[in-house]
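Shown below: input_34.cif, with mmCIF, C-alpha atoms (C1' of nucleotides).
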```cif
data_protein
#
loop_
_atom_site.group_PDB
_atom_site.id
_atom_site.type_symbol
_atom_site.label_atom_id
_atom_site.label_comp_id
_atom_site.auth_asym_id
_atom_site.auth_seq_id
_atom_site.Cartn_x
_atom_site.Cartn_y
_atom_site.Cartn_z
ATOM 1 C CA MET A 1 0.000 0.000 0.000
ATOM 2 C CA GLN A 2 2.798 2.341 0.875
ATOM 3 C CA GLU A 3 4.519 1.393 -2.351
ATOM 4 C CA LEU A 4 1.379 2.092 -4.334
ATOM 5 C CA ARG A 5 1.045 5.516 -2.732
ATOM 6 C CA GLN A 6 4.641 6.304 -3.539
ATOM 7 C CA PHE A 7 4.009 5.256 -7.107
ATOM 8 C CA LYS A 8 0.974 7.495 -7.358
ATOM 9 C CA ALA A 9 2.899 10.355 -5.808
ATOM 10 C CA ASP A 10 5.641 9.879 -8.385
ATOM 11 C CA ILE A 11 3.166 10.029 -11.249
ATOM 12 C CA PHE A 12 1.584 13.157 -9.822
ATOM 13 C CA GLN A 13 4.939 14.736 -9.385
ATOM 14 C CA ALA A 14 5.873 13.893 -12.945
ATOM 15 C CA LEU A 15 2.812 15.830 -14.059
ATOM 16 C CA ALA A 16 3.204 18.661 -11.570
ATOM 17 C CA HIS A 17 4.447 21.166 -14.130
ATOM 18 C CA PRO A 18 2.542 22.933 -16.901
ATOM 19 C CA THR A 19 5.185 22.130 -19.487
ATOM 20 C CA ARG A 20 5.002 18.428 -18.771
ATOM 21 C CA ILE A 21 1.238 18.489 -18.887
ATOM 22 C CA ALA A 22 1.525 20.156 -22.254
ATOM 23 C CA VAL A 23 3.772 17.317 -23.405
ATOM 24 C CA VAL A 24 1.193 14.726 -22.426
ATOM 25 C CA GLU A 25 -1.501 16.688 -24.235
ATOM 26 C CA LEU A 26 0.643 17.008 -27.337
ATOM 27 C CA LEU A 27 1.271 13.262 -27.345
ATOM 28 C CA ARG A 28 -2.395 12.544 -26.930
ATOM 29 C CA ASP A 29 -2.909 11.770 -30.596
ATOM 30 C CA GLY A 30 0.335 9.990 -31.292
ATOM 31 C CA GLU A 31 4.058 10.211 -31.190
ATOM 32 C CA MET A 32 6.138 13.281 -31.863
ATOM 33 C CA SER A 33 9.861 13.965 -32.085
ATOM 34 C CA ALA A 34 11.689 15.765 -29.295
ATOM 35 C CA GLY A 35 12.347 18.647 -31.655
ATOM 36 C CA GLN A 36 8.711 19.039 -32.646
ATOM 37 C CA LEU A 37 7.637 18.865 -29.027
ATOM 38 C CA ILE A 38 10.108 21.500 -27.925
ATOM 39 C CA GLU A 39 9.125 23.798 -30.755
ATOM 40 C CA ARG A 40 5.423 23.471 -29.888
ATOM 41 C CA LEU A 41 6.144 23.977 -26.227
ATOM 42 C CA GLY A 42 8.062 27.142 -26.941
ATOM 43 C CA VAL A 43 10.791 26.409 -24.412
ATOM 44 C CA GLU A 44 14.579 26.267 -24.552
ATOM 45 C CA GLN A 45 15.953 23.081 -26.065
ATOM 46 C CA ALA A 46 17.757 22.024 -22.886
ATOM 47 C CA ASN A 47 14.782 22.801 -20.725
ATOM 48 C CA GLY A 48 12.443 20.790 -22.918
ATOM 49 C CA SER A 49 14.849 17.887 -22.917
ATOM 50 C CA GLN A 50 15.026 17.962 -19.121
ATOM 51 C CA HIS A 51 11.258 17.839 -18.832
ATOM 52 C CA LEU A 52 11.210 14.880 -21.194
ATOM 53 C CA ALA A 53 13.818 13.237 -18.987
ATOM 54 C CA VAL A 54 11.522 13.620 -15.981
ATOM 55 C CA LEU A 55 8.632 12.041 -17.876
ATOM 56 C CA ARG A 56 10.914 9.218 -19.004
ATOM 57 C CA ALA A 57 12.189 8.600 -15.484
ATOM 58 C CA LYS A 58 8.633 8.233 -14.208
ATOM 59 C CA GLN A 59 7.738 6.038 -17.182
ATOM 60 C CA VAL A 60 5.051 8.397 -18.358
ATOM 61 C CA VAL A 61 6.510 8.429 -21.874
ATOM 62 C CA VAL A 62 8.604 6.065 -23.929
ATOM 63 C CA ASN A 63 10.879 6.938 -26.804
ATOM 64 C CA ARG A 64 12.382 5.344 -29.860
ATOM 65 C CA ARG A 65 15.260 6.604 -31.927
ATOM 66 C CA GLU A 66 14.894 6.900 -35.665
ATOM 67 C CA GLY A 67 18.093 8.076 -37.228
ATOM 68 C CA ASN A 68 18.845 11.485 -35.959
ATOM 69 C CA GLN A 69 15.611 12.041 -34.113
ATOM 70 C CA VAL A 70 13.953 10.649 -31.006
ATOM 71 C CA PHE A 71 10.222 10.078 -31.056
ATOM 72 C CA TYR A 72 8.213 10.213 -27.867
ATOM 73 C CA SER A 73 4.855 8.695 -27.104
ATOM 74 C CA LEU A 74 2.685 8.039 -24.069
ATOM 75 C CA ARG A 75 3.436 4.773 -22.356
ATOM 76 C CA ASP A 76 -0.194 4.347 -21.414
ATOM 77 C CA PRO A 77 -2.953 6.623 -22.719
ATOM 78 C CA VAL A 78 -4.829 6.208 -19.451
ATOM 79 C CA LEU A 79 -3.148 9.394 -18.301
ATOM 80 C CA VAL A 80 -5.178 11.290 -20.866
ATOM 81 C CA GLU A 81 -8.251 10.107 -19.004
ATOM 82 C CA VAL A 82 -6.843 11.642 -15.869
ATOM 83 C CA LEU A 83 -6.327 14.968 -17.591
ATOM 84 C CA ASP A 84 -9.879 14.866 -18.928
ATOM 85 C CA ILE A 85 -11.232 14.227 -15.463
ATOM 86 C CA LEU A 86 -9.288 17.184 -14.164
ATOM 87 C CA LYS A 87 -10.756 19.357 -16.877
ATOM 88 C CA ARG A 88 -14.240 18.557 -15.599
ATOM 89 C CA TYR A 89 -12.998 19.187 -12.094
ATOM 90 C CA PHE A 90 -11.608 22.532 -13.188
ATOM 91 C CA LEU A 91 -14.923 23.533 -14.711
ATOM 92 C CA GLU A 92 -16.709 22.560 -11.505
ATOM 93 C CA GLN A 93 -14.328 24.698 -9.550
ATOM 94 C CA LEU A 94 -14.853 27.598 -11.941
ATOM 95 C CA LYS A 95 -18.570 27.314 -11.418
ATOM 96 C CA GLY A 96 -17.999 27.552 -7.694
ATOM 97 C CA THR A 97 -15.808 30.595 -8.156
ATOM 98 C CA ARG A 98 -18.389 32.238 -10.375
ATOM 99 C CA THR A 99 -21.074 31.642 -7.789
ATOM 100 C CA MET A 100 -18.816 33.132 -5.178
ATOM 101 C CA ILE A 101 -18.157 36.204 -7.293
ATOM 102 C CA GLU A 102 -21.839 36.662 -7.962
ATOM 103 C CA GLU A 103 -22.586 36.480 -4.266
ATOM 104 C CA MET A 104 -19.915 39.026 -3.573
ATOM 105 C CA GLU A 105 -21.324 41.371 -6.181
ATOM 106 C CA ALA A 106 -24.892 40.877 -5.012
ATOM 107 C CA GLU A 107 -24.266 41.261 -1.319
ATOM 108 C CA GLY A 108 -21.397 43.681 -1.160
ATOM 109 C CA GLU A 109 -19.053 43.432 1.801
ATOM 110 C CA SER A 110 -20.641 40.986 4.182
ATOM 111 C CA PRO A 111 -19.908 37.946 6.295
ATOM 112 C CA ALA A 112 -20.320 35.749 3.219
ATOM 113 C CA VAL A 113 -17.608 37.705 1.461
ATOM 114 C CA ALA A 114 -15.284 37.542 4.414
ATOM 115 C CA LYS A 115 -15.855 33.804 4.547
ATOM 116 C CA ALA A 116 -15.158 33.389 0.880
ATOM 117 C CA ARG A 117 -11.905 35.280 1.211
ATOM 118 C CA ARG A 118 -10.370 32.812 3.644
ATOM 119 C CA MET B 1 -5.400 26.860 -22.016
ATOM 120 C CA GLN B 2 -2.267 27.883 -20.208
ATOM 121 C CA GLU B 3 -4.357 28.667 -17.173
ATOM 122 C CA LEU B 4 -5.978 25.248 -17.288
ATOM 123 C CA ARG B 5 -2.589 23.593 -17.472
ATOM 124 C CA GLN B 6 -1.381 25.572 -14.503
ATOM 125 C CA PHE B 7 -4.483 24.531 -12.623
ATOM 126 C CA LYS B 8 -3.894 20.887 -13.432
ATOM 127 C CA ALA B 9 -0.251 21.206 -12.443
ATOM 128 C CA ASP B 10 -1.316 22.668 -9.111
ATOM 129 C CA ILE B 11 -3.657 19.769 -8.420
ATOM 130 C CA PHE B 12 -0.978 17.274 -9.342
ATOM 131 C CA GLN B 13 1.492 19.011 -7.128
ATOM 132 C CA ALA B 14 -0.966 18.974 -4.259
ATOM 133 C CA LEU B 15 -1.125 15.197 -4.616
ATOM 134 C CA ALA B 16 2.570 14.697 -5.246
ATOM 135 C CA HIS B 17 3.309 13.336 -1.803
ATOM 136 C CA PRO B 18 2.467 9.927 -0.335
ATOM 137 C CA THR B 19 1.123 11.438 2.866
ATOM 138 C CA ARG B 20 -1.304 13.673 1.004
ATOM 139 C CA ILE B 21 -2.452 10.785 -1.158
ATOM 140 C CA ALA B 22 -3.075 8.867 2.048
ATOM 141 C CA VAL B 23 -5.225 11.755 3.257
ATOM 142 C CA VAL B 24 -7.378 11.647 0.139
ATOM 143 C CA GLU B 25 -7.755 7.893 0.498
ATOM 144 C CA LEU B 26 -8.716 8.210 4.149
ATOM 145 C CA LEU B 27 -11.348 10.797 3.260
ATOM 146 C CA ARG B 28 -12.704 8.623 0.526
ATOM 147 C CA ASP B 29 -15.610 7.389 2.604
ATOM 148 C CA GLY B 30 -16.423 10.585 4.444
ATOM 149 C CA GLU B 31 -15.070 13.237 6.702
ATOM 150 C CA MET B 32 -12.543 12.793 9.452
ATOM 151 C CA SER B 33 -11.059 15.063 12.098
ATOM 152 C CA ALA B 34 -7.527 16.383 11.799
ATOM 153 C CA GLY B 35 -6.533 14.387 14.847
ATOM 154 C CA GLN B 36 -7.909 11.123 13.507
ATOM 155 C CA LEU B 37 -6.229 11.738 10.191
ATOM 156 C CA ILE B 38 -2.868 12.452 11.757
ATOM 157 C CA GLU B 39 -3.083 9.407 13.968
ATOM 158 C CA ARG B 40 -3.909 7.152 11.019
ATOM 159 C CA LEU B 41 -1.165 8.721 8.959
ATOM 160 C CA GLY B 42 1.374 8.099 11.672
ATOM 161 C CA VAL B 43 3.129 11.424 11.210
ATOM 162 C CA GLU B 44 4.053 14.256 13.556
ATOM 163 C CA GLN B 45 1.190 16.539 14.444
ATOM 164 C CA ALA B 46 2.807 19.603 12.874
ATOM 165 C CA ASN B 47 3.734 17.709 9.748
ATOM 166 C CA GLY B 48 0.228 16.371 9.269
ATOM 167 C CA SER B 49 -1.233 19.793 9.770
ATOM 168 C CA GLN B 50 1.147 21.202 7.176
ATOM 169 C CA HIS B 51 0.091 18.613 4.628
ATOM 170 C CA LEU B 52 -3.538 19.431 5.341
ATOM 171 C CA ALA B 53 -2.702 23.080 4.750
ATOM 172 C CA VAL B 54 -1.331 22.221 1.314
ATOM 173 C CA LEU B 55 -4.485 20.319 0.421
ATOM 174 C CA ARG B 56 -6.602 23.210 1.679
ATOM 175 C CA ALA B 57 -4.620 25.765 -0.305
ATOM 176 C CA LYS B 58 -5.182 23.802 -3.508
ATOM 177 C CA GLN B 59 -8.843 23.312 -2.616
ATOM 178 C CA VAL B 60 -8.568 19.567 -2.609
ATOM 179 C CA VAL B 61 -10.184 19.377 0.825
ATOM 180 C CA VAL B 62 -12.541 21.559 2.796
ATOM 181 C CA ASN B 63 -12.918 21.716 6.551
ATOM 182 C CA ARG B 64 -15.487 22.650 9.125
ATOM 183 C CA ARG B 65 -14.924 23.313 12.790
ATOM 184 C CA GLU B 66 -17.025 21.565 15.375
ATOM 185 C CA GLY B 67 -16.144 22.659 18.848
ATOM 186 C CA ASN B 68 -12.627 21.727 19.531
ATOM 187 C CA GLN B 69 -12.030 19.722 16.405
ATOM 188 C CA VAL B 70 -11.729 20.377 12.701
ATOM 189 C CA PHE B 71 -13.260 17.934 10.273
ATOM 190 C CA TYR B 72 -11.890 17.503 6.800
ATOM 191 C CA SER B 73 -13.567 16.151 3.711
ATOM 192 C CA LEU B 74 -12.909 15.975 -0.005
ATOM 193 C CA ARG B 75 -14.117 18.997 -1.901
ATOM 194 C CA ASP B 76 -14.904 16.902 -4.954
ATOM 195 C CA PRO B 77 -14.796 13.099 -4.868
ATOM 196 C CA VAL B 78 -13.778 13.047 -8.503
ATOM 197 C CA LEU B 79 -10.199 12.877 -7.286
ATOM 198 C CA VAL B 80 -10.901 9.407 -5.968
ATOM 199 C CA GLU B 81 -11.608 8.417 -9.558
ATOM 200 C CA VAL B 82 -8.180 9.657 -10.489
ATOM 201 C CA LEU B 83 -6.556 7.569 -7.780
ATOM 202 C CA ASP B 84 -8.479 4.504 -8.940
ATOM 203 C CA ILE B 85 -7.313 5.036 -12.490
ATOM 204 C CA LEU B 86 -3.759 5.248 -11.268
ATOM 205 C CA LYS B 87 -4.165 2.000 -9.391
ATOM 206 C CA ARG B 88 -5.095 0.269 -12.632
ATOM 207 C CA TYR B 89 -2.178 2.018 -14.284
ATOM 208 C CA PHE B 90 0.120 0.786 -11.518
ATOM 209 C CA LEU B 91 -1.062 -2.786 -11.974
ATOM 210 C CA GLU B 92 -0.452 -2.510 -15.710
ATOM 211 C CA GLN B 93 3.027 -1.318 -15.028
ATOM 212 C CA LEU B 94 3.603 -4.197 -12.606
ATOM 213 C CA LYS B 95 2.508 -6.632 -15.277
ATOM 214 C CA GLY B 96 5.110 -5.108 -17.579
ATOM 215 C CA THR B 97 7.751 -5.436 -14.891
ATOM 216 C CA ARG B 98 6.825 -9.040 -14.252
ATOM 217 C CA THR B 99 7.123 -9.807 -17.961
ATOM 218 C CA MET B 100 10.499 -8.103 -17.933
ATOM 219 C CA ILE B 101 11.672 -10.145 -14.963
ATOM 220 C CA GLU B 102 10.482 -13.361 -16.564
ATOM 221 C CA GLU B 103 12.400 -12.515 -19.712
ATOM 222 C CA MET B 104 15.483 -11.824 -17.668
ATOM 223 C CA GLU B 105 15.188 -15.152 -15.897
ATOM 224 C CA ALA B 106 14.512 -17.021 -19.107
ATOM 225 C CA GLU B 107 17.309 -15.460 -21.141
ATOM 226 C CA GLY B 108 19.991 -14.899 -18.567
ATOM 227 C CA GLU B 109 22.440 -12.045 -19.002
ATOM 228 C CA SER B 110 21.887 -10.779 -22.508
ATOM 229 C CA PRO B 111 21.326 -7.589 -24.534
ATOM 230 C CA ALA B 112 17.663 -7.670 -23.537
ATOM 231 C CA VAL B 113 18.650 -7.571 -19.881
ATOM 232 C CA ALA B 114 21.055 -4.721 -20.400
ATOM 233 C CA LYS B 115 18.300 -2.817 -22.170
ATOM 234 C CA ALA B 116 15.826 -3.453 -19.363
ATOM 235 C CA ARG B 117 18.274 -2.124 -16.801
ATOM 236 C CA ARG B 118 18.448 1.359 -18.275
ATOM 237 C "C1'" DT C 1 -9.650 33.216 34.727
ATOM 238 C "C1'" DT C 2 -6.931 29.155 34.384
ATOM 239 C "C1'" DA C 3 -5.867 24.639 32.572
ATOM 240 C "C1'" DG C 4 -6.298 21.261 29.053
ATOM 241 C "C1'" DT C 5 -7.012 19.513 24.446
ATOM 242 C "C1'" DA C 6 -7.066 20.066 19.416
ATOM 243 C "C1'" DT C 7 -5.175 22.293 15.660
ATOM 244 C "C1'" DA C 8 -2.391 25.696 13.117
ATOM 245 C "C1'" DT C 9 1.625 28.495 12.259
ATOM 246 C "C1'" DT C 10 6.501 29.992 12.352
ATOM 247 C "C1'" DC C 11 11.353 29.104 12.139
ATOM 248 C "C1'" DG C 12 15.502 27.037 10.458
ATOM 249 C "C1'" DA C 13 18.021 23.261 8.361
ATOM 250 C "C1'" DT C 14 17.933 20.238 4.659
ATOM 251 C "C1'" DT C 15 16.748 18.577 0.421
ATOM 252 C "C1'" DG C 16 14.447 18.828 -4.224
ATOM 253 C "C1'" DT C 17 12.985 21.339 -8.485
ATOM 254 C "C1'" DT C 18 13.654 24.610 -12.164
ATOM 255 C "C1'" DA C 19 15.790 27.459 -15.870
ATOM 256 C "C1'" DT C 20 20.060 28.853 -17.996
ATOM 257 C "C1'" DT C 21 24.474 28.167 -20.008
ATOM 258 C "C1'" DA C 22 27.709 25.420 -21.724
ATOM 259 C "C1'" DT C 23 29.190 21.052 -23.145
ATOM 260 C "C1'" DA C 24 28.713 16.238 -24.593
ATOM 261 C "C1'" DC C 25 26.788 12.552 -27.362
ATOM 262 C "C1'" DA C 26 24.626 10.151 -31.543
ATOM 263 C "C1'" DC C 27 23.705 9.879 -36.008
ATOM 264 C "C1'" DG C 28 23.859 10.810 -41.218
ATOM 265 C "C1'" DG C 29 26.197 12.709 -45.218
ATOM 266 C "C1'" DC C 30 30.330 13.791 -47.302
ATOM 267 C "C1'" DG D 1 37.879 10.772 -40.660
ATOM 268 C "C1'" DC D 2 35.074 15.688 -40.156
ATOM 269 C "C1'" DC D 3 30.886 18.610 -40.225
ATOM 270 C "C1'" DG D 4 26.006 19.586 -39.281
ATOM 271 C "C1'" DT D 5 21.812 18.565 -37.043
ATOM 272 C "C1'" DG D 6 19.163 16.715 -33.254
ATOM 273 C "C1'" DT D 7 19.153 15.457 -28.588
ATOM 274 C "C1'" DA D 8 20.928 14.704 -23.892
ATOM 275 C "C1'" DT D 9 23.583 15.759 -19.908
ATOM 276 C "C1'" DA D 10 26.524 18.614 -16.470
ATOM 277 C "C1'" DA D 11 26.996 22.591 -13.612
ATOM 278 C "C1'" DT D 12 25.258 26.398 -11.476
ATOM 279 C "C1'" DA D 13 22.076 29.526 -9.192
ATOM 280 C "C1'" DA D 14 17.428 30.777 -7.755
ATOM 281 C "C1'" DC D 15 13.582 29.130 -5.746
ATOM 282 C "C1'" DA D 16 10.223 25.893 -3.483
ATOM 283 C "C1'" DA D 17 9.097 21.747 -0.505
ATOM 284 C "C1'" DT D 18 9.839 19.086 3.514
ATOM 285 C "C1'" DC D 19 10.518 18.050 8.361
ATOM 286 C "C1'" DG D 20 10.999 18.633 13.463
ATOM 287 C "C1'" DA D 21 10.857 21.737 17.293
ATOM 288 C "C1'" DA D 22 8.878 25.376 19.331
ATOM 289 C "C1'" DT D 23 5.150 28.489 19.666
ATOM 290 C "C1'" DA D 24 0.595 30.322 18.809
ATOM 291 C "C1'" DT D 25 -4.389 30.057 18.366
ATOM 292 C "C1'" DA D 26 -9.211 28.240 19.195
ATOM 293 C "C1'" DC D 27 -12.144 26.168 21.859
ATOM 294 C "C1'" DT D 28 -14.130 23.645 26.313
ATOM 295 C "C1'" DA D 29 -14.540 22.787 30.978
ATOM 296 C "C1'" DA D 30 -13.849 23.812 35.573
#
```

Show me, as C-alpha cells, the structure contained in the file I just sent.
Amino acid sequence: MQELRQFKADIFQALAHPTRIAVVELLRDGEMSAGQLIERLGVEQANGSQHLAVLRAKQVVVNRREGNQVFYSLRDPVLVEVLDILKRYFLEQLKGTRTMIEEMEAEGESPAVAKARR
Amino acid sequence: MQELRQFKADIFQALAHPTRIAVVELLRDGEMSAGQLIERLGVEQANGSQHLAVLRAKQVVVNRREGNQVFYSLRDPVLVEVLDILKRYFLEQLKGTRTMIEEMEAEGESPAVAKARR
DNA sequence: TTAGTATATTCGATTGTTATTATACACGGC
DNA sequence: GCCGTGTATAATAACAATCGAATATACTAA
C-alpha cells in the first residue's frame, strides 16, 4: 500500500508542471519527435529535454530513436483520461468561483464575502 | 489553455506526496477530524497539519470546525476516480515489470537484460 | 480566569525542483 | 575521418518543498 502511494505520488509529481502536462496533451494523438515537441512547447531546447527526462524517469513516456531524431509517445494513454477528469474538475471549480463572485457582487461586503476570502 | 494547465499542475502538485495521497484515500468514505487523520497517517502533528494546509490551499479538501475539532472532507470526490485510475495504471506497469523479470530469468544475461536495466 | 485539548503556524536546516548556459553525445552525409 | 543537425547531460544559481521543534491560536470545561 505504501509502495502504491509512492508510485501514485511519483506520477503526480511527474505531471506537476505545466510544461510536462503540455507534453502529455501534445502526445495525446500519437508520437512526436523531441524537436517538434520542444518547438510546440516554446521552451529552450535544454529545458524541454530535461522535462522529457523527468517524464521518461517516471515512465510516463517512452521513446524510440529513428536516425537522428527521437520520437516520444505516451506509455499508457490512461493518463489522458486523468487529464480529462481534471478538466471537468476545473470547470466545476470555476462554477464555484463564479457563484462566489456573484454572491460578492450581489451582497457587497458581508460575512459571506469575508468567509469566501479565507 | 495555459491557465488550465497551470491549474492541473497545481492539483498534481498537491497530490505529489504519499502522505497527502493517504489523506485523500482516508477521506474517501467521508469526513474525518484532523486528529484522527494524523493518527492514522502516523506522522508528527505539525507535519500532518502542514500537509492538510497544502491540500486546503489547492482546494482539494474543505474543513469545518465543530467545537474543539476540525473535520476535513474531499471537496470533490472526482479525485478518488483519479486515484483509482492510477491503481489500474500501476497494476499494468507491474505486469510489464513481471514480464520483464520473466524474460530476464529465461534469457539470462543478454542484450535484452542490459536494455531493461536502463 | 486558568488549565487542558485540538489544531495551526513559524522558524531554520535540509533537500528537491527549475531554468540557464555550456558542453557532450549520436547519427547521417560527405 | 570531419561537419552539421538533433538530442541529452553537467553545472550552477534561484527558488520551493519538507521536516521537526517550538510556539501560537481556538475552543471547552472547571

**Asked** Got a sec to resolve the PyMOL selection byres ((chain D) within 9 of (chain A)) on this structure and send the residues as a PyMOL selection string?
**Response** chain D and resi 5-9

Just need the residues of chain B within 8 Å of chain A, counting all atoms listed in the file, so spit them out as a tab-separated table (two decimals) with C-alpha atoms, keeping the file's coordinate frame.
```tsv
chain	number	residue	atom	x	y	z
B	2	GLN	CA	-2.27	27.88	-20.21
B	4	LEU	CA	-5.98	25.25	-17.29
B	5	ARG	CA	-2.59	23.59	-17.47
B	6	GLN	CA	-1.38	25.57	-14.50
B	7	PHE	CA	-4.48	24.53	-12.62
B	8	LYS	CA	-3.89	20.89	-13.43
B	9	ALA	CA	-0.25	21.21	-12.44
B	10	ASP	CA	-1.32	22.67	-9.11
B	11	ILE	CA	-3.66	19.77	-8.42
B	12	PHE	CA	-0.98	17.27	-9.34
B	13	GLN	CA	1.49	19.01	-7.13
B	15	LEU	CA	-1.12	15.20	-4.62
B	16	ALA	CA	2.57	14.70	-5.25
B	17	HIS	CA	3.31	13.34	-1.80
B	18	PRO	CA	2.47	9.93	-0.34
B	21	ILE	CA	-2.45	10.78	-1.16
B	22	ALA	CA	-3.08	8.87	2.05
B	76	ASP	CA	-14.90	16.90	-4.95
B	78	VAL	CA	-13.78	13.05	-8.50
B	82	VAL	CA	-8.18	9.66	-10.49
B	83	LEU	CA	-6.56	7.57	-7.78
B	85	ILE	CA	-7.31	5.04	-12.49
B	86	LEU	CA	-3.76	5.25	-11.27
B	87	LYS	CA	-4.16	2.00	-9.39
B	89	TYR	CA	-2.18	2.02	-14.28
B	90	PHE	CA	0.12	0.79	-11.52
```

**Prompt:** Near range 21-30 of chain D, counting all atoms listed in the file, which residues have an atom at most 9 Å away, once you skip same-chain residues fewer than 4 positions from it, shown as a list in words?
**Reply:**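 With the cut-off at 9 Å, the set is Gly67, Asn68 and Gln69 of chain B; DT2, DA3, DG4, DT5, DA6, DT7, DA8, DT9, DT10 and DC11 of chain C.
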
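For the file at hand, the PyMOL selection byres ((chain A and resi 30) around 10) resolves to Glu25, Leu26, Leu27, Arg28, Asp29, Glu31, Met32, Phe71, Tyr72, Ser73, Leu74 and Pro77 of chain A.
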
**Request:** Report as an MDAnalysis selection string the residues that result from applying the PyMOL selection byres ((chain C) within 12 of (chain A)) to the structure here.
**Result:** chainID C and resid 16:23 25:29

As lines of an AutoDock Vina configuration file, please report the centre and edge lengths, rounded to one decimal in Å, of the axis-aligned box that holds all listed atoms of range 6-23 of chain D with 3 Å of padding on each of the six sides.
```
center_x = 16.1
center_y = 22.7
center_z = -6.8
size_x = 27.8
size_y = 22.1
size_z = 58.9
```

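One distance worth recording is that between CA of Val80 in chain B and C1' of DT15 in chain C, which is 29.8 Å.
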
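For the pair C1' of DA13 in chain C and C1' of DA16 in chain D, the interatomic distance is 14.4 Å.
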
With N, CA and C atoms as the goal, would you fill in the gaps in range 28-48 of chain A and present it as a PDB file, in the frame of the given file?
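This went into rebuild32.pdb:
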```pdb
ATOM      1  N   ARG A  28      -1.092  13.187 -27.024  1.00  0.00           N
ATOM      2  CA  ARG A  28      -2.395  12.544 -26.930  1.00  0.00           C
ATOM      3  C   ARG A  28      -2.779  11.785 -28.196  1.00  0.00           C
ATOM      4  N   ASP A  29      -2.480  12.383 -29.335  1.00  0.00           N
ATOM      5  CA  ASP A  29      -2.909  11.770 -30.596  1.00  0.00           C
ATOM      6  C   ASP A  29      -1.790  11.050 -31.322  1.00  0.00           C
ATOM      7  N   GLY A  30      -0.716  10.749 -30.635  1.00  0.00           N
ATOM      8  CA  GLY A  30       0.335   9.990 -31.292  1.00  0.00           C
ATOM      9  C   GLY A  30       1.715  10.528 -30.986  1.00  0.00           C
ATOM     10  N   GLU A  31       2.695   9.862 -31.553  1.00  0.00           N
ATOM     11  CA  GLU A  31       4.058  10.211 -31.190  1.00  0.00           C
ATOM     12  C   GLU A  31       4.514  11.494 -31.873  1.00  0.00           C
ATOM     13  N   MET A  32       5.590  12.033 -31.353  1.00  0.00           N
ATOM     14  CA  MET A  32       6.138  13.281 -31.863  1.00  0.00           C
ATOM     15  C   MET A  32       7.625  13.310 -31.499  1.00  0.00           C
ATOM     16  N   SER A  33       8.431  13.926 -32.370  1.00  0.00           N
ATOM     17  CA  SER A  33       9.861  13.965 -32.085  1.00  0.00           C
ATOM     18  C   SER A  33      10.153  14.987 -30.999  1.00  0.00           C
ATOM     19  N   ALA A  34      11.287  14.824 -30.337  1.00  0.00           N
ATOM     20  CA  ALA A  34      11.689  15.765 -29.295  1.00  0.00           C
ATOM     21  C   ALA A  34      11.721  17.184 -29.853  1.00  0.00           C
ATOM     22  N   GLY A  35      12.246  17.317 -31.052  1.00  0.00           N
ATOM     23  CA  GLY A  35      12.347  18.647 -31.655  1.00  0.00           C
ATOM     24  C   GLY A  35      10.991  19.287 -31.882  1.00  0.00           C
ATOM     25  N   GLN A  36      10.070  18.525 -32.438  1.00  0.00           N
ATOM     26  CA  GLN A  36       8.711  19.039 -32.646  1.00  0.00           C
ATOM     27  C   GLN A  36       8.091  19.461 -31.320  1.00  0.00           C
ATOM     28  N   LEU A  37       8.210  18.582 -30.349  1.00  0.00           N
ATOM     29  CA  LEU A  37       7.637  18.865 -29.027  1.00  0.00           C
ATOM     30  C   LEU A  37       8.177  20.187 -28.483  1.00  0.00           C
ATOM     31  N   ILE A  38       9.478  20.320 -28.523  1.00  0.00           N
ATOM     32  CA  ILE A  38      10.108  21.500 -27.925  1.00  0.00           C
ATOM     33  C   ILE A  38       9.692  22.763 -28.671  1.00  0.00           C
ATOM     34  N   GLU A  39       9.565  22.631 -29.984  1.00  0.00           N
ATOM     35  CA  GLU A  39       9.125  23.798 -30.755  1.00  0.00           C
ATOM     36  C   GLU A  39       7.698  24.200 -30.348  1.00  0.00           C
ATOM     37  N   ARG A  40       6.819  23.202 -30.262  1.00  0.00           N
ATOM     38  CA  ARG A  40       5.423  23.471 -29.888  1.00  0.00           C
ATOM     39  C   ARG A  40       5.315  24.008 -28.467  1.00  0.00           C
ATOM     40  N   LEU A  41       6.182  23.521 -27.619  1.00  0.00           N
ATOM     41  CA  LEU A  41       6.144  23.977 -26.227  1.00  0.00           C
ATOM     42  C   LEU A  41       6.634  25.412 -26.094  1.00  0.00           C
ATOM     43  N   GLY A  42       7.512  25.790 -27.010  1.00  0.00           N
ATOM     44  CA  GLY A  42       8.062  27.142 -26.941  1.00  0.00           C
ATOM     45  C   GLY A  42       9.015  27.329 -25.775  1.00  0.00           C
ATOM     46  N   VAL A  43       9.807  26.298 -25.495  1.00  0.00           N
ATOM     47  CA  VAL A  43      10.791  26.409 -24.412  1.00  0.00           C
ATOM     48  C   VAL A  43      12.197  26.210 -24.989  1.00  0.00           C
ATOM     49  N   GLU A  44      13.192  26.509 -24.165  1.00  0.00           N
ATOM     50  CA  GLU A  44      14.579  26.267 -24.552  1.00  0.00           C
ATOM     51  C   GLU A  44      14.803  24.787 -24.816  1.00  0.00           C
ATOM     52  N   GLN A  45      15.693  24.479 -25.725  1.00  0.00           N
ATOM     53  CA  GLN A  45      15.953  23.081 -26.065  1.00  0.00           C
ATOM     54  C   GLN A  45      16.334  22.269 -24.824  1.00  0.00           C
ATOM     55  N   ALA A  46      17.297  22.782 -24.063  1.00  0.00           N
ATOM     56  CA  ALA A  46      17.757  22.024 -22.886  1.00  0.00           C
ATOM     57  C   ALA A  46      16.630  21.836 -21.882  1.00  0.00           C
ATOM     58  N   ASN A  47      15.880  22.872 -21.680  1.00  0.00           N
ATOM     59  CA  ASN A  47      14.782  22.801 -20.725  1.00  0.00           C
ATOM     60  C   ASN A  47      13.757  21.748 -21.148  1.00  0.00           C
ATOM     61  N   GLY A  48      13.375  21.778 -22.409  1.00  0.00           N
ATOM     62  CA  GLY A  48      12.443  20.790 -22.918  1.00  0.00           C
ATOM     63  C   GLY A  48      12.981  19.380 -22.730  1.00  0.00           C
TER      64      GLY A  48
END
```
